[in-house]
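Asks: For reference, this is target_1.cif, and it has mmCIF, C-alpha atoms.
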data_entry
loop_
_atom_site.label_atom_id
_atom_site.label_comp_id
_atom_site.auth_asym_id
_atom_site.auth_seq_id
_atom_site.Cartn_x
_atom_site.Cartn_y
_atom_site.Cartn_z
CA MET A 267 -115.34 -103.92 41.77
CA PRO A 268 -115.48 -100.83 39.52
CA ALA A 269 -118.78 -99.01 39.19
CA GLY A 270 -119.26 -98.65 35.43
CA SER A 271 -118.87 -100.82 32.36
CA ILE A 272 -115.37 -102.03 31.68
CA THR A 273 -113.46 -102.12 28.42
CA VAL A 274 -111.23 -105.11 27.91
CA ALA A 275 -108.00 -104.71 25.94
CA GLU A 276 -108.46 -107.94 24.07
CA SER A 277 -105.57 -110.00 22.85
CA PRO A 278 -106.53 -112.96 20.62
CA LEU A 279 -106.15 -115.33 23.60
CA LEU A 280 -108.22 -113.17 25.93
CA ARG A 281 -110.95 -112.75 23.30
CA ALA A 282 -111.02 -116.52 22.75
CA ILE A 283 -111.32 -117.24 26.48
CA LEU A 284 -114.09 -114.68 26.92
CA ARG A 285 -116.04 -116.07 23.96
CA ARG A 286 -116.00 -119.57 25.51
CA ALA A 287 -116.86 -118.16 28.93
CA ASP A 288 -119.72 -116.10 27.48
CA ASP A 289 -121.13 -119.19 25.72
CA VAL A 290 -121.45 -121.15 28.94
CA LEU A 291 -122.52 -118.22 31.12
CA VAL A 292 -125.31 -117.15 28.77
CA LEU A 293 -126.51 -120.71 28.20
CA GLY A 294 -126.26 -121.41 31.93
CA HIS A 295 -128.35 -118.34 32.67
CA ARG A 296 -130.94 -119.33 30.09
CA VAL A 297 -131.19 -122.86 31.48
CA SER A 298 -131.45 -121.48 35.02
CA GLU A 299 -134.58 -119.58 33.98
CA TRP A 300 -136.38 -122.95 34.12
CA CYS A 301 -135.73 -123.28 37.85
CA GLY A 302 -139.16 -123.65 39.43
CA HIS A 303 -140.90 -123.81 36.03
CA ALA A 304 -139.87 -127.13 34.49
CA PRO A 305 -142.57 -129.62 33.46
CA LEU A 306 -141.49 -132.18 36.10
CA MET A 307 -139.75 -131.94 39.46
CA GLU A 308 -136.97 -134.23 38.24
CA GLU A 309 -136.46 -132.07 35.18
CA ASP A 310 -136.43 -128.94 37.29
CA MET A 311 -133.48 -130.45 39.17
CA ALA A 312 -131.81 -131.64 35.97
CA LEU A 313 -131.96 -128.22 34.32
CA SER A 314 -130.77 -126.49 37.49
CA ASN A 315 -127.88 -128.95 37.73
CA MET A 316 -126.90 -128.32 34.13
CA ALA A 317 -127.10 -124.56 34.67
CA LEU A 318 -124.83 -124.95 37.70
CA ASP A 319 -122.27 -126.90 35.65
CA LEU A 320 -122.30 -124.28 32.89
CA ILE A 321 -121.96 -121.35 35.26
CA GLY A 322 -119.18 -123.21 37.07
CA GLN A 323 -117.32 -123.60 33.78
CA ALA A 324 -117.88 -119.89 33.10
CA ARG A 325 -116.36 -119.01 36.49
CA ALA A 326 -113.21 -121.01 35.72
CA LEU A 327 -112.87 -119.40 32.29
CA TYR A 328 -113.50 -115.83 33.54
CA THR A 329 -111.00 -116.37 36.35
CA TYR A 330 -108.45 -117.40 33.75
CA ALA A 331 -109.36 -114.36 31.63
CA GLY A 332 -108.49 -112.27 34.68
CA GLU A 333 -105.08 -113.95 34.94
CA VAL A 334 -104.40 -113.40 31.24
CA GLU A 335 -105.49 -109.74 31.22
CA ASP A 336 -103.58 -109.23 34.49
CA VAL A 337 -105.08 -105.91 35.52
CA GLY A 338 -106.69 -107.18 38.72
CA ARG A 339 -110.12 -108.19 37.42
CA ASP A 340 -111.94 -111.18 38.83
CA GLU A 341 -114.61 -113.43 37.31
CA ASP A 342 -117.47 -111.19 38.46
CA VAL A 343 -116.16 -108.11 36.65
CA TYR A 344 -116.28 -109.84 33.26
CA ALA A 345 -119.76 -111.25 33.85
CA TYR A 346 -121.40 -108.20 35.38
CA LEU A 347 -119.69 -105.17 33.91
CA ARG A 348 -119.34 -105.80 30.20
CA ASP A 349 -121.98 -104.36 27.90
CA VAL A 350 -123.88 -106.46 25.43
CA THR A 351 -121.63 -105.60 22.48
CA ALA A 352 -118.60 -106.83 24.46
CA TYR A 353 -120.15 -110.29 24.82
CA GLY A 354 -118.82 -112.79 22.29
CA ASN A 355 -121.16 -115.74 22.79
CA LEU A 356 -122.86 -117.65 20.01
CA LEU A 357 -126.30 -116.38 18.97
CA LEU A 358 -127.57 -119.93 19.55
CA VAL A 359 -127.11 -119.86 23.32
CA GLU A 360 -128.88 -116.53 23.87
CA GLN A 361 -132.05 -117.65 22.09
CA PRO A 362 -135.04 -117.64 24.46
CA ASN A 363 -136.10 -120.89 26.10
CA GLY A 364 -139.40 -121.04 24.23
CA ASP A 365 -141.18 -124.30 24.99
CA PHE A 366 -139.45 -127.29 26.57
CA ALA A 367 -138.69 -128.79 23.14
CA ARG A 368 -136.86 -125.66 22.09
CA THR A 369 -134.79 -125.64 25.28
CA ILE A 370 -133.86 -129.29 24.76
CA VAL A 371 -132.98 -128.80 21.09
CA ARG A 372 -130.80 -125.78 21.92
CA GLN A 373 -129.05 -127.84 24.61
CA LEU A 374 -128.46 -130.75 22.26
CA LEU A 375 -127.17 -128.58 19.39
CA PHE A 376 -124.65 -126.99 21.76
CA SER A 377 -123.75 -130.12 23.77
CA ALA A 378 -123.15 -132.28 20.67
CA PHE A 379 -120.48 -129.77 19.72
CA ILE A 380 -118.99 -128.72 23.05
CA ASP A 381 -118.58 -132.23 24.44
CA PRO A 382 -116.09 -133.39 21.78
CA TYR A 383 -114.66 -129.86 21.74
CA TRP A 384 -113.69 -130.01 25.41
CA ARG A 385 -112.36 -133.52 24.94
CA GLN A 386 -110.04 -132.27 22.18
CA MET A 387 -109.14 -129.18 24.21
CA MET A 388 -107.70 -131.45 26.92
CA ARG A 389 -104.65 -131.56 24.64
CA SER A 390 -104.38 -127.77 24.38
CA THR A 391 -100.85 -126.42 24.71
CA ASP A 392 -102.34 -123.95 27.21
CA ALA A 393 -102.24 -125.84 30.52
CA THR A 394 -105.08 -123.89 32.14
CA LEU A 395 -107.44 -124.33 29.19
CA ALA A 396 -106.55 -128.03 29.11
CA ALA A 397 -107.36 -128.31 32.83
CA ILE A 398 -110.70 -126.52 32.45
CA ALA A 399 -111.52 -128.72 29.44
CA ALA A 400 -110.81 -131.88 31.45
CA LYS A 401 -113.34 -130.76 34.07
CA ALA A 402 -115.93 -129.53 31.60
CA GLU A 403 -115.99 -132.59 29.33
CA LYS A 404 -117.17 -134.79 32.19
CA GLU A 405 -120.12 -132.45 32.70
CA SER A 406 -120.94 -131.90 29.03
CA ALA A 407 -121.12 -135.67 28.50
CA TYR A 408 -124.10 -135.77 30.89
CA HIS A 409 -125.72 -132.76 29.23
CA LEU A 410 -125.39 -134.39 25.82
CA ARG A 411 -126.87 -137.66 26.97
CA HIS A 412 -129.70 -135.98 28.83
CA SER A 413 -130.75 -133.71 25.97
CA ALA A 414 -130.43 -136.59 23.46
CA GLU A 415 -132.69 -138.83 25.55
CA TRP A 416 -135.25 -136.05 25.86
CA LEU A 417 -135.26 -135.27 22.16
CA ILE A 418 -135.94 -138.93 21.40
CA ARG A 419 -138.84 -138.94 23.88
CA LEU A 420 -140.26 -135.77 22.36
CA GLY A 421 -139.70 -136.63 18.71
CA ASP A 422 -140.92 -140.20 19.07
CA GLY A 423 -143.67 -139.19 21.50
CA THR A 424 -147.06 -137.70 20.71
CA ALA A 425 -148.01 -135.91 17.51
CA GLU A 426 -147.76 -132.61 19.34
CA SER A 427 -144.37 -133.24 20.98
CA HIS A 428 -143.04 -134.45 17.62
CA GLU A 429 -144.27 -131.33 15.87
CA ARG A 430 -142.81 -129.02 18.54
CA ALA A 431 -139.45 -130.80 18.48
CA GLN A 432 -139.24 -130.59 14.69
CA ARG A 433 -140.24 -126.92 14.74
CA ALA A 434 -137.54 -126.18 17.33
CA LEU A 435 -134.92 -127.93 15.20
CA ASP A 436 -136.00 -125.98 12.11
CA GLN A 437 -136.01 -122.66 13.98
CA LEU A 438 -132.65 -123.08 15.72
CA TRP A 439 -130.76 -124.66 12.83
CA PRO A 440 -129.78 -121.30 11.22
CA PHE A 441 -127.88 -120.49 14.45
CA THR A 442 -125.63 -123.56 14.20
CA GLY A 443 -123.34 -122.33 11.42
CA GLU A 444 -121.72 -119.81 13.73
CA ILE A 445 -120.45 -122.60 16.01
CA PHE A 446 -117.87 -123.56 13.38
CA THR A 447 -116.60 -120.10 12.46
CA THR A 448 -113.19 -118.73 13.44
CA ASP A 449 -111.46 -115.39 12.98
CA ALA A 450 -107.82 -114.62 12.20
CA GLY A 451 -106.84 -114.42 15.87
CA GLU A 452 -108.38 -117.78 16.61
CA ARG A 453 -106.74 -119.36 13.60
CA GLU A 454 -103.36 -118.29 14.96
CA LEU A 455 -104.19 -119.92 18.29
CA ILE A 456 -105.38 -123.06 16.47
CA ALA A 457 -102.07 -123.21 14.58
CA ALA A 458 -100.23 -122.90 17.91
CA GLY A 459 -102.24 -125.77 19.41
CA VAL A 460 -103.91 -123.52 22.00
CA LEU A 461 -107.38 -123.91 20.49
CA VAL A 462 -109.10 -126.67 18.56
CA ASP A 463 -110.55 -125.78 15.17
CA PRO A 464 -114.32 -126.09 15.64
CA ALA A 465 -114.73 -126.85 11.93
CA SER A 466 -112.77 -130.08 12.46
CA LEU A 467 -115.61 -131.31 14.68
CA ARG A 468 -118.46 -130.53 12.31
CA ASP A 469 -118.76 -134.05 10.86
CA GLU A 470 -118.77 -135.63 14.32
CA TRP A 471 -121.35 -133.08 15.50
CA ARG A 472 -123.60 -133.81 12.56
CA ALA A 473 -123.21 -137.59 13.00
CA THR A 474 -124.24 -137.35 16.65
CA LEU A 475 -127.29 -135.30 15.74
CA ALA A 476 -128.18 -137.65 12.90
CA GLN A 477 -128.05 -140.61 15.25
CA VAL A 478 -130.37 -138.90 17.73
CA ALA A 479 -132.69 -137.52 15.05
CA THR A 480 -133.14 -140.96 13.51
CA GLN A 481 -134.17 -142.46 16.82
CA ALA A 482 -136.37 -139.43 17.46
CA THR A 483 -138.06 -139.79 14.01
CA LEU A 484 -137.07 -136.18 13.31
CA THR A 485 -135.52 -134.69 10.19
CA LEU A 486 -132.29 -132.69 10.42
CA PRO A 487 -132.72 -129.50 8.40
CA GLU A 488 -130.58 -128.82 5.35
CA ASP A 489 -127.87 -126.21 5.81
CA GLY A 490 -129.13 -122.95 4.37
CA TRP A 491 -128.37 -119.33 5.17
CA MET A 492 -126.77 -119.11 8.61
CA GLN A 493 -127.03 -116.34 11.20
CA LYS A 494 -123.82 -114.96 12.64
CA GLY A 495 -122.49 -111.94 14.53
CA GLY A 496 -122.51 -113.07 18.14
CA ARG A 497 -118.78 -113.77 18.19
CA ASP A 498 -118.19 -110.11 17.25
CA GLY A 499 -120.72 -108.62 19.64
CA ARG A 500 -123.61 -108.24 17.18
CA HIS A 501 -126.38 -109.94 19.10
CA SER A 502 -130.08 -110.52 18.85
CA GLU A 503 -132.24 -108.26 21.02
CA HIS A 504 -132.59 -111.16 23.47
CA LEU A 505 -129.10 -110.90 24.96
CA GLY A 506 -129.62 -107.32 26.16
CA HIS A 507 -132.70 -108.38 28.10
CA LEU A 508 -130.86 -111.36 29.55
CA LEU A 509 -127.94 -109.21 30.70
CA ALA A 510 -130.31 -106.61 32.15
CA GLU A 511 -131.50 -109.30 34.54
CA LEU A 512 -128.11 -110.93 35.09
CA GLN A 513 -126.34 -107.65 35.79
CA SER A 514 -129.07 -105.62 37.48
CA MET A 515 -127.76 -105.98 41.04
CA GLN A 516 -124.20 -104.95 40.24
CA ARG A 517 -125.42 -102.10 38.04
CA ALA A 518 -127.80 -100.76 40.69
CA PHE A 519 -125.49 -101.38 43.66
CA PRO A 520 -121.91 -101.37 42.34
CA GLY A 521 -119.66 -103.64 44.34
CA ALA A 522 -122.56 -105.22 46.27
CA ARG A 523 -121.53 -108.41 48.06
CA TRP A 524 -123.22 -111.09 50.10
CA MET B 226 -93.51 -121.93 63.03
CA THR B 227 -90.41 -119.85 62.69
CA SER B 228 -87.05 -121.54 63.16
CA ALA B 229 -88.59 -124.98 62.71
CA THR B 230 -86.28 -127.85 61.86
CA PRO B 231 -87.06 -130.08 58.86
CA ARG B 232 -88.31 -132.76 61.24
CA ASP B 233 -90.65 -130.25 62.88
CA LEU B 234 -91.93 -129.25 59.46
CA ASP B 235 -92.70 -132.87 58.65
CA ALA B 236 -94.55 -133.20 61.94
CA ILE B 237 -96.48 -130.00 61.28
CA ARG B 238 -97.37 -131.19 57.79
CA ASP B 239 -98.56 -134.57 59.06
CA GLU B 240 -100.63 -132.94 61.77
CA ALA B 241 -102.08 -130.42 59.30
CA ARG B 242 -102.95 -133.24 56.93
CA ARG B 243 -104.62 -135.18 59.74
CA VAL B 244 -106.67 -132.13 60.78
CA ALA B 245 -107.62 -131.20 57.20
CA SER B 246 -108.69 -134.82 56.66
CA THR B 247 -111.31 -134.48 59.37
CA VAL B 248 -113.28 -131.91 57.36
CA VAL B 249 -116.38 -133.52 55.86
CA ASP B 250 -118.30 -132.72 52.70
CA PRO B 251 -121.09 -130.34 53.83
CA GLU B 252 -123.58 -131.97 51.48
CA ILE B 253 -122.68 -135.56 52.41
CA PRO B 254 -121.54 -135.12 56.01
CA VAL B 255 -120.45 -138.74 56.50
CA ILE B 256 -117.52 -138.66 54.08
CA SER B 257 -114.33 -136.71 54.66
CA ILE B 258 -112.74 -134.60 51.95
CA ALA B 259 -109.77 -136.99 52.08
CA ASP B 260 -111.92 -140.06 51.40
CA LEU B 261 -113.82 -138.16 48.70
CA GLY B 262 -110.50 -137.55 46.98
CA ILE B 263 -110.71 -133.75 46.82
CA LEU B 264 -107.95 -133.13 49.40
CA ARG B 265 -104.96 -133.22 47.06
CA ASP B 266 -102.02 -132.07 49.13
CA VAL B 267 -100.86 -130.42 52.33
CA VAL B 268 -97.54 -128.60 52.31
CA VAL B 269 -95.70 -126.41 54.77
CA ALA B 270 -94.15 -123.54 52.86
CA GLY B 271 -92.19 -120.91 54.74
CA ASP B 272 -94.29 -119.86 57.70
CA HIS B 273 -97.65 -121.13 56.56
CA VAL B 274 -99.61 -124.26 55.77
CA GLU B 275 -100.99 -124.66 52.29
CA VAL B 276 -103.87 -127.04 51.66
CA VAL B 277 -104.60 -127.97 48.05
CA ILE B 278 -108.09 -129.06 47.07
CA THR B 279 -109.83 -129.76 43.77
CA PRO B 280 -113.53 -129.36 42.98
CA THR B 281 -115.72 -132.33 42.12
CA TYR B 282 -117.82 -130.36 39.63
CA THR B 283 -116.84 -126.92 38.34
CA GLY B 284 -120.04 -125.42 39.75
CA CYS B 285 -119.96 -127.27 43.07
CA PRO B 286 -121.35 -124.74 45.59
CA ALA B 287 -119.80 -126.63 48.50
CA MET B 288 -116.25 -125.57 47.62
CA ASN B 289 -116.41 -122.21 49.40
CA MET B 290 -117.74 -123.88 52.54
CA ILE B 291 -115.12 -126.62 52.41
CA LYS B 292 -112.41 -123.97 52.13
CA ALA B 293 -113.80 -122.10 55.15
CA GLU B 294 -114.04 -125.31 57.18
CA ILE B 295 -110.44 -126.28 56.40
CA GLU B 296 -109.28 -122.84 57.54
CA GLN B 297 -111.32 -123.10 60.71
CA ALA B 298 -110.17 -126.64 61.54
CA LEU B 299 -106.52 -125.72 61.13
CA ALA B 300 -106.97 -122.50 63.11
CA GLU B 301 -108.50 -124.44 65.98
CA ALA B 302 -105.49 -126.76 65.90
CA HIS B 303 -103.20 -123.67 66.02
CA LEU B 304 -101.81 -124.51 62.59
CA GLU B 305 -101.91 -120.97 61.25
CA PRO B 306 -101.59 -119.14 58.96
CA VAL B 307 -103.20 -121.35 56.36
CA THR B 308 -104.01 -120.84 52.70
CA VAL B 309 -106.34 -123.07 50.72
CA ARG B 310 -105.52 -123.34 47.05
CA THR B 311 -107.89 -124.80 44.46
CA VAL B 312 -106.44 -126.68 41.49
CA LEU B 313 -108.35 -127.98 38.47
CA SER B 314 -105.75 -130.41 37.16
CA PRO B 315 -105.71 -133.34 37.23
CA ALA B 316 -109.48 -133.40 37.03
CA TRP B 317 -111.19 -135.09 39.96
CA THR B 318 -112.67 -138.49 39.26
CA THR B 319 -114.89 -140.74 41.34
CA ASP B 320 -112.09 -143.32 41.09
CA TRP B 321 -110.34 -141.27 43.80
CA ILE B 322 -113.04 -142.06 46.37
CA THR B 323 -111.41 -144.47 48.84
CA GLU B 324 -112.82 -147.89 49.75
CA LYS B 325 -113.66 -146.45 53.16
CA GLY B 326 -115.42 -143.54 51.46
CA ARG B 327 -117.43 -145.86 49.22
CA GLN B 328 -118.53 -147.82 52.28
CA GLN B 329 -119.49 -144.59 54.06
CA LEU B 330 -121.58 -143.46 51.10
CA HIS B 331 -123.27 -146.86 50.98
CA ASP B 332 -124.02 -146.86 54.71
CA TYR B 333 -125.47 -143.35 54.39
CA GLY B 334 -127.90 -144.62 51.73
CA ILE B 335 -126.06 -143.36 48.65
CA ALA B 336 -125.06 -145.99 46.10
CA PRO B 337 -121.35 -145.47 45.34
CA PRO B 338 -120.31 -144.92 41.72
CA VAL B 339 -120.16 -148.04 39.59
CA ARG B 340 -116.56 -148.60 38.55
CA GLY B 341 -115.58 -148.59 34.91
CA GLN B 342 -118.84 -147.13 33.64
CA GLY B 343 -118.17 -145.25 30.43
CA ARG B 344 -119.48 -141.73 30.56
CA THR B 345 -118.82 -140.92 26.98
CA SER B 346 -121.16 -143.36 25.25
CA LEU B 347 -124.35 -141.60 24.30
CA PHE B 348 -126.77 -144.05 25.90
CA ALA B 349 -124.84 -145.98 28.56
CA VAL B 350 -126.90 -147.76 31.22
CA ALA B 351 -125.34 -148.29 34.62
CA ARG B 352 -126.16 -151.32 36.77
CA VAL B 353 -126.54 -149.90 40.25
CA ALA B 354 -127.12 -151.91 43.44
CA CYS B 355 -129.70 -150.63 45.92
CA PRO B 356 -127.78 -149.42 49.01
CA ARG B 357 -130.66 -150.60 51.21
CA CYS B 358 -131.35 -154.18 50.09
CA GLY B 359 -128.51 -154.84 47.63
CA SER B 360 -130.80 -155.72 44.73
CA HIS B 361 -129.66 -154.91 41.20
CA ASP B 362 -133.29 -154.64 40.10
CA THR B 363 -133.12 -150.84 40.00
CA THR B 364 -134.27 -148.05 37.69
CA GLN B 365 -132.96 -144.55 37.13
CA ILE B 366 -135.67 -141.99 37.88
CA ALA B 367 -133.62 -138.94 36.93
CA PRO B 368 -130.00 -138.53 35.82
CA PHE B 369 -129.61 -135.38 37.93
CA GLY B 370 -130.34 -135.39 41.64
CA SER B 371 -130.32 -133.22 44.74
CA THR B 372 -126.68 -132.22 44.21
CA ALA B 373 -124.47 -132.03 41.13
CA CYS B 374 -122.76 -135.33 41.95
CA LYS B 375 -125.88 -137.47 42.36
CA ALA B 376 -128.64 -139.09 40.30
CA LEU B 377 -132.02 -140.31 41.54
CA TRP B 378 -132.75 -144.03 41.42
CA ARG B 379 -135.47 -146.40 42.61
CA CYS B 380 -135.14 -149.99 43.80
CA ASP B 381 -137.73 -152.23 42.15
CA SER B 382 -137.24 -154.91 44.83
CA CYS B 383 -137.69 -152.95 48.06
CA LEU B 384 -139.39 -150.03 46.26
CA GLU B 385 -137.29 -147.40 48.02
CA PRO B 386 -135.91 -144.42 46.12
CA PHE B 387 -132.20 -143.73 46.63
CA ASP B 388 -129.38 -141.44 45.54
CA TYR B 389 -126.66 -142.72 43.24
CA PHE B 390 -123.25 -141.02 43.28
CA LYS B 391 -122.62 -140.50 39.58
CA CYS B 392 -119.55 -141.83 37.87
CA HIS B 393 -117.36 -138.85 36.98
#
Go ahead and render the structure in this file as structure tokens.

Replies:
Amino acid sequence: MPAGSITVAESPLLRAILRRADDVLVLGHRVSEWCGHAPLMEEDMALSNMALDLIGQARALYTYAGEVEDVGRDEDVYAYLRDVTAYGNLLLVEQPNGDFARTIVRQLLFSAFIDPYWRQMMRSTDATLAAIAAKAEKESAYHLRHSAEWLIRLGDGTAESHERAQRALDQLWPFTGEIFTTDAGERELIAAGVLVDPASLRDEWRATLAQVATQATLTLPEDGWMQKGGRDGRHSEHLGHLLAELQSMQRAFPGARW
Amino acid sequence: MTSATPRDLDAIRDEARRVASTVVDPEIPVISIADLGILRDVVVAGDHVEVVITPTYTGCPAMNMIKAEIEQALAEAHLEPVTVRTVLSPAWTTDWITEKGRQQLHDYGIAPPVRGQGRTSLFAVARVACPRCGSHDTTQIAPFGSTACKALWRCDSCLEPFDYFKCH
């Protein structure tokens, strides 16, 4: 493994793969921060399991990025040696865990999108992305169900859990617009059948959330001004702190293995 | 393995498959990788044996160990050199667990996956039989268990907790 930060010569396909990989790595890392801290033992295991799934998906995607770039880089290089501005994940997934309600809402907002997204991506004209999607959609289905069940418990629970769940929804909603954005490179890949247009899933995403929110006695926020920038490397301050922890070993001891 | 005839190659392949099939899942050491459905193929190509496996879950931490154990088992049987290749497609499903494997899971105290349970419905409820007493009067305690492939359940008849191998 090289010692310093790497620069990736990004083609539209490589950029698209890295964005999807960064989404699941960063969310997986966030969720893993609950390990040993969750409100219940069972939930500690659930969150750790979900983190493991997400990081597993990231490994498959980064490995494929290495094949596409074809300069001898493996999954670890992309995860550990890219600087914060090279990360293309959604701002949503880098948001701090906050309280348990906020973690669950973040998981649901992402899962309600990514689950149908992977299911559609199983028909990608790119065989490797289709194969990864077929693995990932089985896992995301569990994440969606789990976070939906929790949001119903919280929203339809005590006055305090209801209030916290509603606050988390209101606070995270401005980060959801970015999920459905695409750039010119991605639109070419969508036209070629390599990628699925995320905007085509927006109605389904909203219907899933509406179904859960109704049962949870929560109110889905109106769409207002939306945050964006993560896809192009303009992140909140939180991602730099996250990467400082994620990358610290490889930065301090380049090439360290165990 | 040089200068082997086609019949020898078939024999080597069959022997390699038999040996690879003896490797067990390190997290559920009663079921072989063949009965779990993750051993996808064994081929003899040129001068080496290639074993093809597929992960259960993308993040399954047992894959590295399974790979090492396949290499070791084949080395001990003098079936070298060996490469272990991981494929993602087609995606593993619990439908590939053999009848023998389902029985082994059951006997080990893990309820085998319920067949035909839809994963994609938002609030599906499985009907799982207790592997200890057979009762269907059971409750899910947690949808995620001690490994990625299991959920935690409780039997309301015999009151024992048990693992359920999730439908995937």

Asks: Please write as a PyMOL selection string the full residue list that the PyMOL selection byres ((chain A and resi 461) around 10) yields on this file.

Replies: chain A and resi 279+282-283+383+386-392+395-396+452-460+462-464

Asks: Near chain B, meaning an atom within 9 Å, which residues of chain A appear when counting only C-alpha atoms? Write them as a VMD selection string.

Replies: chain A and resid 308 to 309 311 to 326 393 to 394 396 to 398 400 to 402 404 to 405 407 to 408 410 to 412 414 to 415 474

Asks: With C-alpha atoms kept, could you save the residues just selected as a compact mmCIF listing (two decimals), in the frame of the given file?

Replies:
# COMPACT_ATOMS: atom_id res chain seq x y z
CA GLU A 308 -136.97 -134.23 38.24
CA GLU A 309 -136.46 -132.07 35.18
CA MET A 311 -133.48 -130.45 39.17
CA ALA A 312 -131.81 -131.64 35.97
CA LEU A 313 -131.96 -128.22 34.32
CA SER A 314 -130.77 -126.49 37.49
CA ASN A 315 -127.88 -128.95 37.73
CA MET A 316 -126.90 -128.32 34.13
CA ALA A 317 -127.10 -124.56 34.67
CA LEU A 318 -124.83 -124.95 37.70
CA ASP A 319 -122.27 -126.90 35.65
CA LEU A 320 -122.30 -124.28 32.89
CA ILE A 321 -121.96 -121.35 35.26
CA GLY A 322 -119.18 -123.21 37.07
CA GLN A 323 -117.32 -123.60 33.78
CA ALA A 324 -117.88 -119.89 33.10
CA ARG A 325 -116.36 -119.01 36.49
CA ALA A 326 -113.21 -121.01 35.72
CA ALA A 393 -102.24 -125.84 30.52
CA THR A 394 -105.08 -123.89 32.14
CA ALA A 396 -106.55 -128.03 29.11
CA ALA A 397 -107.36 -128.31 32.83
CA ILE A 398 -110.70 -126.52 32.45
CA ALA A 400 -110.81 -131.88 31.45
CA LYS A 401 -113.34 -130.76 34.07
CA ALA A 402 -115.93 -129.53 31.60
CA LYS A 404 -117.17 -134.79 32.19
CA GLU A 405 -120.12 -132.45 32.70
CA ALA A 407 -121.12 -135.67 28.50
CA TYR A 408 -124.10 -135.77 30.89
CA LEU A 410 -125.39 -134.39 25.82
CA ARG A 411 -126.87 -137.66 26.97
CA HIS A 412 -129.70 -135.98 28.83
CA ALA A 414 -130.43 -136.59 23.46
CA GLU A 415 -132.69 -138.83 25.55
CA THR A 474 -124.24 -137.35 16.65

Asks: Box for region 354-362 of chain B - axis-aligned, 3 Å on each of the six sides, all listed atoms - centre and size in Å to one decimal, as lines of an AutoDock Vina configuration file.

Replies:
center_x = -130.2
center_y = -152.6
center_z = 45.7
size_x = 12.2
size_y = 12.3
size_z = 17.1

Asks: Give me, as a PDB file with C-alpha atoms, keeping the file's coordinate frame, all polymer residues having an atom no more than 12 Å from Ala482 (chain A), counting only C-alpha atoms and skipping those fewer than 4 positions away in the same chain.

Replies:
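See out-v7.pdb below for the written result:
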ATOM      1  CA  VAL A 371    -132.980-128.800  21.090  1.00  0.00           C
ATOM      2  CA  SER A 413    -130.750-133.710  25.970  1.00  0.00           C
ATOM      3  CA  ALA A 414    -130.430-136.590  23.460  1.00  0.00           C
ATOM      4  CA  GLU A 415    -132.690-138.830  25.550  1.00  0.00           C
ATOM      5  CA  TRP A 416    -135.250-136.050  25.860  1.00  0.00           C
ATOM      6  CA  LEU A 417    -135.260-135.270  22.160  1.00  0.00           C
ATOM      7  CA  ILE A 418    -135.940-138.930  21.400  1.00  0.00           C
ATOM      8  CA  ARG A 419    -138.840-138.940  23.880  1.00  0.00           C
ATOM      9  CA  LEU A 420    -140.260-135.770  22.360  1.00  0.00           C
ATOM     10  CA  GLY A 421    -139.700-136.630  18.710  1.00  0.00           C
ATOM     11  CA  ASP A 422    -140.920-140.200  19.070  1.00  0.00           C
ATOM     12  CA  GLY A 423    -143.670-139.190  21.500  1.00  0.00           C
ATOM     13  CA  THR A 424    -147.060-137.700  20.710  1.00  0.00           C
ATOM     14  CA  SER A 427    -144.370-133.240  20.980  1.00  0.00           C
ATOM     15  CA  HIS A 428    -143.040-134.450  17.620  1.00  0.00           C
ATOM     16  CA  GLU A 429    -144.270-131.330  15.870  1.00  0.00           C
ATOM     17  CA  ALA A 431    -139.450-130.800  18.480  1.00  0.00           C
ATOM     18  CA  GLN A 432    -139.240-130.590  14.690  1.00  0.00           C
ATOM     19  CA  LEU A 435    -134.920-127.930  15.200  1.00  0.00           C
ATOM     20  CA  LEU A 475    -127.290-135.300  15.740  1.00  0.00           C
ATOM     21  CA  ALA A 476    -128.180-137.650  12.900  1.00  0.00           C
ATOM     22  CA  GLN A 477    -128.050-140.610  15.250  1.00  0.00           C
ATOM     23  CA  VAL A 478    -130.370-138.900  17.730  1.00  0.00           C
ATOM     24  CA  LEU A 486    -132.290-132.690  10.420  1.00  0.00           C
TER      25      LEU A 486
END

Asks: Which residues would end up in the selection if the PyMOL selection byres ((chain B and resi 245) around 8) were applied here, given that I need the answer as a PDB file with C-alpha atoms, in the coordinates of the input?

Replies:
ATOM      1  CA  ALA B 241    -102.080-130.420  59.300  1.00  0.00           C
ATOM      2  CA  ARG B 242    -102.950-133.240  56.930  1.00  0.00           C
ATOM      3  CA  ARG B 243    -104.620-135.180  59.740  1.00  0.00           C
ATOM      4  CA  VAL B 244    -106.670-132.130  60.780  1.00  0.00           C
ATOM      5  CA  SER B 246    -108.690-134.820  56.660  1.00  0.00           C
ATOM      6  CA  THR B 247    -111.310-134.480  59.370  1.00  0.00           C
ATOM      7  CA  VAL B 248    -113.280-131.910  57.360  1.00  0.00           C
ATOM      8  CA  VAL B 276    -103.870-127.040  51.660  1.00  0.00           C
ATOM      9  CA  ILE B 295    -110.440-126.280  56.400  1.00  0.00           C
ATOM     10  CA  ALA B 298    -110.170-126.640  61.540  1.00  0.00           C
ATOM     11  CA  LEU B 299    -106.520-125.720  61.130  1.00  0.00           C
TER      12      LEU B 299
END

Asks: Evaluated on this file, the PyMOL selection byres ((chain B and resi 335) around 8) picks out some residues - which ones are they, written as an MDAnalysis selection string?

Replies: chainID B and resid 330:334 336:337 356 387:390

Asks: Kindly indicate which residue among B:Met288, B:Arg352, B:Arg238, B:Glu294 lies nearest to Val268 (chain B), using only C-alpha atoms for the distances.

Replies: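 Looking at the shortest contact to Val268 (chain B), the residue is B:Arg238.
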